[in-house]
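Heads up, the thing below is written out as structure tokens.
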Amino acid sequence: MEETIFKIKDLDLYYGEKQALKKVTMDINKNRVTAFIGPSGCGKSTFLRCLNRMNDLIEGCRIEGSITINDTDINSGKMNVVDLRTRVGMVFQKPNPFPMSIFDNVAYGPRCQGIKDKHLLTQIVETSLKQAALWDEVSDRLNDSAMGLSGGQQQRLCIARAIAMEPEVILMDEPTSALDPIATAKIEDLIEELKHDYTIIIVTHSMLQAARVSDYTAFFLLGEVIEFQETSKLFKQPLDKRTEDYITGRFG
Ligand SMILES: Nc1ncnc2c1ncn2[C@@H]1O[C@H](COP(=O)(O)OP(=O)(O)OP(=O)(O)O)[C@@H](O)[C@H]1O
């Protein structure tokens with residue numbers, strides 16, 4: 001029996017007058033990888049951002065419908081948005097390390113939470129870098145600038161930075177689109193490892209990537225979820241003609 005972490009019901013989202021999400025309803029399972037696919041501009045990133053309320057930062061953006069995490073409404077007055085973003089971390093398309101040392105990048109979040117103990121911080125940094133499969137490559141240069149790492153290493157550092165906050169969920173918005181195939185393969189292997197400890201939700205332009213890394217896939221079209229089901233089924237036996245047309249390359 002799968003355990004659900006997010007329940008989304010009838011979610012509508014508007015940027016001013018323009019509706020970008022229409023009645024999105026889905027349950028997202030814990031410790032699984034869920035992929036969002038669909039043509040450009042269909043609302044994948046918008047929906048991802050709803051899950052840790054990143055859209056709050058966009059003026060004129062409003063939503064209707066509900067999103068719960070472990071049965072708590074994330075948009076209610078009771079939900080502290082800083083806590084929510086601690087529980088639901090995010091990794092972006094372009095690696096965005098802070099211009100500081102590798103160590104300080106990973107220690108940044110825990111320090112903001114008030115952790116000062118050097119020994120504890122060292123432990124958190126080491127564990128996070130190990131979980132992000134970066135430790136072996138950087139353990140002898142933790143005090144070097146993060147800006148000197150390769151793109152793929154920088155992205156794994158951003159994953160380590162997210163992990164250091166001990167989130168429940170990691171949102172990834174096209175995390176490999178700026179990376180070469182080898183760095184991409186490393187991140188994909190890492191996603192497989194991470195799902196034992198975290199729930200991962202990934203937006204990807206690559207159907208092959210969705211098929212490789214995810215357990216569940218949602219196909220978006222013009223702000224609607226057309227089909228959401230187990231990845232193997234969605235790619236082998238899509239239920240909707242529009243999904244079939246998309247995955248067979250007939251549009252998008
Ligand atoms: N900040 C914003 N203000 C106004 N409209 C926006 C904003 N962000 C996105 N949109 C619009 O909302 C729609 C959905 O965009 P979104 O970026 O979520 O799509 P997407 O599927 O992630 O696209 P892509 O794959 O190209 O990243 C698009 O029509 C886009 O132009």
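In the structure tokens, chains take letters A, B, ... by order of appearance, with residues numbered from 1 within each chain and ligands from 1 in the order shown.
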Contacts of chain A with ligand 1 up to 10 Å, shortest pair per row, only C-alpha atoms and all ligand atoms, as a tab-separated table:
residue	atom	partner	partner_atom_place_in_ligand_line	distance
A:Leu13	CA	ligand 1	12 (O)	9.1
A:Tyr14	CA	ligand 1	5 (N)	8.2
A:Tyr15	CA	ligand 1	4 (C)	4.9
A:Gly16	CA	ligand 1	4 (C)	7.3
A:Glu17	CA	ligand 1	4 (C)	9.4
A:Lys18	CA	ligand 1	5 (N)	7.3
A:Gln19	CA	ligand 1	12 (O)	7.6
A:Ala20	CA	ligand 1	12 (O)	4.9
A:Leu21	CA	ligand 1	14 (C)	7.7
A:Phe36	CA	ligand 1	21 (O)	8.6
A:Ile37	CA	ligand 1	21 (O)	7.7
A:Gly38	CA	ligand 1	21 (O)	6.3
A:Pro39	CA	ligand 1	25 (O)	6.0
A:Ser40	CA	ligand 1	26 (O)	3.5
A:Gly41	CA	ligand 1	19 (O)	3.4
A:Cys42	CA	ligand 1	21 (O)	3.8
A:Gly43	CA	ligand 1	18 (O)	3.3
A:Lys44	CA	ligand 1	21 (O)	3.9
A:Ser45	CA	ligand 1	22 (O)	3.6
A:Thr46	CA	ligand 1	18 (O)	3.6
A:Phe47	CA	ligand 1	18 (O)	6.4
A:Leu48	CA	ligand 1	18 (O)	8.0
A:Arg49	CA	ligand 1	18 (O)	8.4
A:Asn55	CA	ligand 1	1 (N)	8.0
A:Leu57	CA	ligand 1	1 (N)	9.0
A:Ile58	CA	ligand 1	1 (N)	5.8
A:Glu59	CA	ligand 1	1 (N)	7.7
A:Gly60	CA	ligand 1	3 (N)	7.8
A:Cys61	CA	ligand 1	3 (N)	7.4
A:Gln93	CA	ligand 1	27 (O)	9.4
A:Asp173	CA	ligand 1	22 (O)	8.2
A:Glu174	CA	ligand 1	27 (O)	8.1
A:Val203	CA	ligand 1	22 (O)	7.5
A:Thr204	CA	ligand 1	25 (O)	7.6
A:His205	CA	ligand 1	25 (O)	6.4
A:Phe220	CA	ligand 1	21 (O)	7.4
A:Leu221	CA	ligand 1	21 (O)	8.1
A:Leu222	CA	ligand 1	14 (C)	7.8
A:Gly223	CA	ligand 1	14 (C)	6.9
For Ala132 (chain A), list every protein, DNA or RNA residue within 12 Å, evaluated using only C-alpha atoms, and leave out those in the same chain fewer than 5 positions away; present the list as an MDAnalysis selection string. chainID A and resid 106 125:127 137:138 152:164 186:195 197
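Of the listed residues A:Met165, A:Leu84, A:Ala35, A:Ile5, the one whose atoms come nearest to Gly109 (chain A) is A:Met165, with distances taken using only C-alpha atoms.
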Need the shell around Ser145 (chain A): protein/DNA/RNA residues with any atom at most 7 Å away, counting only C-alpha atoms. Skip same-chain ones fewer than 3 positions apart. Format as a ChimeraX atom specification? /A:99-102,148
Record the distance separating CA of Tyr246 (chain A) and CA of Ala211 (chain A), expressed in Å with one decimal.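 So the two atoms, CA of Tyr246 (chain A) and CA of Ala211 (chain A), lie 13.8 Å apart.
Checking A:Arg242, A:Leu142, A:Gln113, A:Ser214 one by one against Gln229 (chain A), counting only C-alpha atoms, you find the shortest gap at A:Ser214.
Once Thr243 (chain A) and its same-chain neighbours fewer than 2 positions away are set aside, Gly38, Ala218, Phe219, Phe220, Leu221, Ile226, Glu227, Phe228, Leu234, Phe235, Gln237, Pro238, Leu239, Asp240, Lys241, Asp245, Tyr246, Ile247, Thr248, Gly249, Arg250 and Phe251 of chain A remain within 10 Å of it when counting only C-alpha atoms.
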Between A:Val24, A:Met172, A:Asn29, A:Lys130, which has the minimum distance to Asp215 (chain A) (counting only C-alpha atoms)?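 Smallest distance to Asp215 (chain A) is found for A:Asn29.
Residues with any atom within 9 Å of Asn52 (chain A), counting only C-alpha atoms and excluding same-chain neighbours fewer than 6 positions away, are Ile74, Val81, Leu84, Arg85, Thr86, Arg87, Val88, Gly89, Met90 and Leu171 of chain A.
In this model, the gap between CA of Thr68 (chain A) and CA of Asp12 (chain A) comes to 14.7 Å.
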All alpha helix (DSSP H) residues (DSSP, backbone) inside region 34-235 of chain A, as a ChimeraX atom specification: /A:44-50,81-87,102-112,118-131,135-138,151-163,181-194,207-213,231-235
Please, what distance in Å, to one decimal, runs between CA of Lys23 (chain A) and CA of Glu224 (chain A)? 6.9 Å
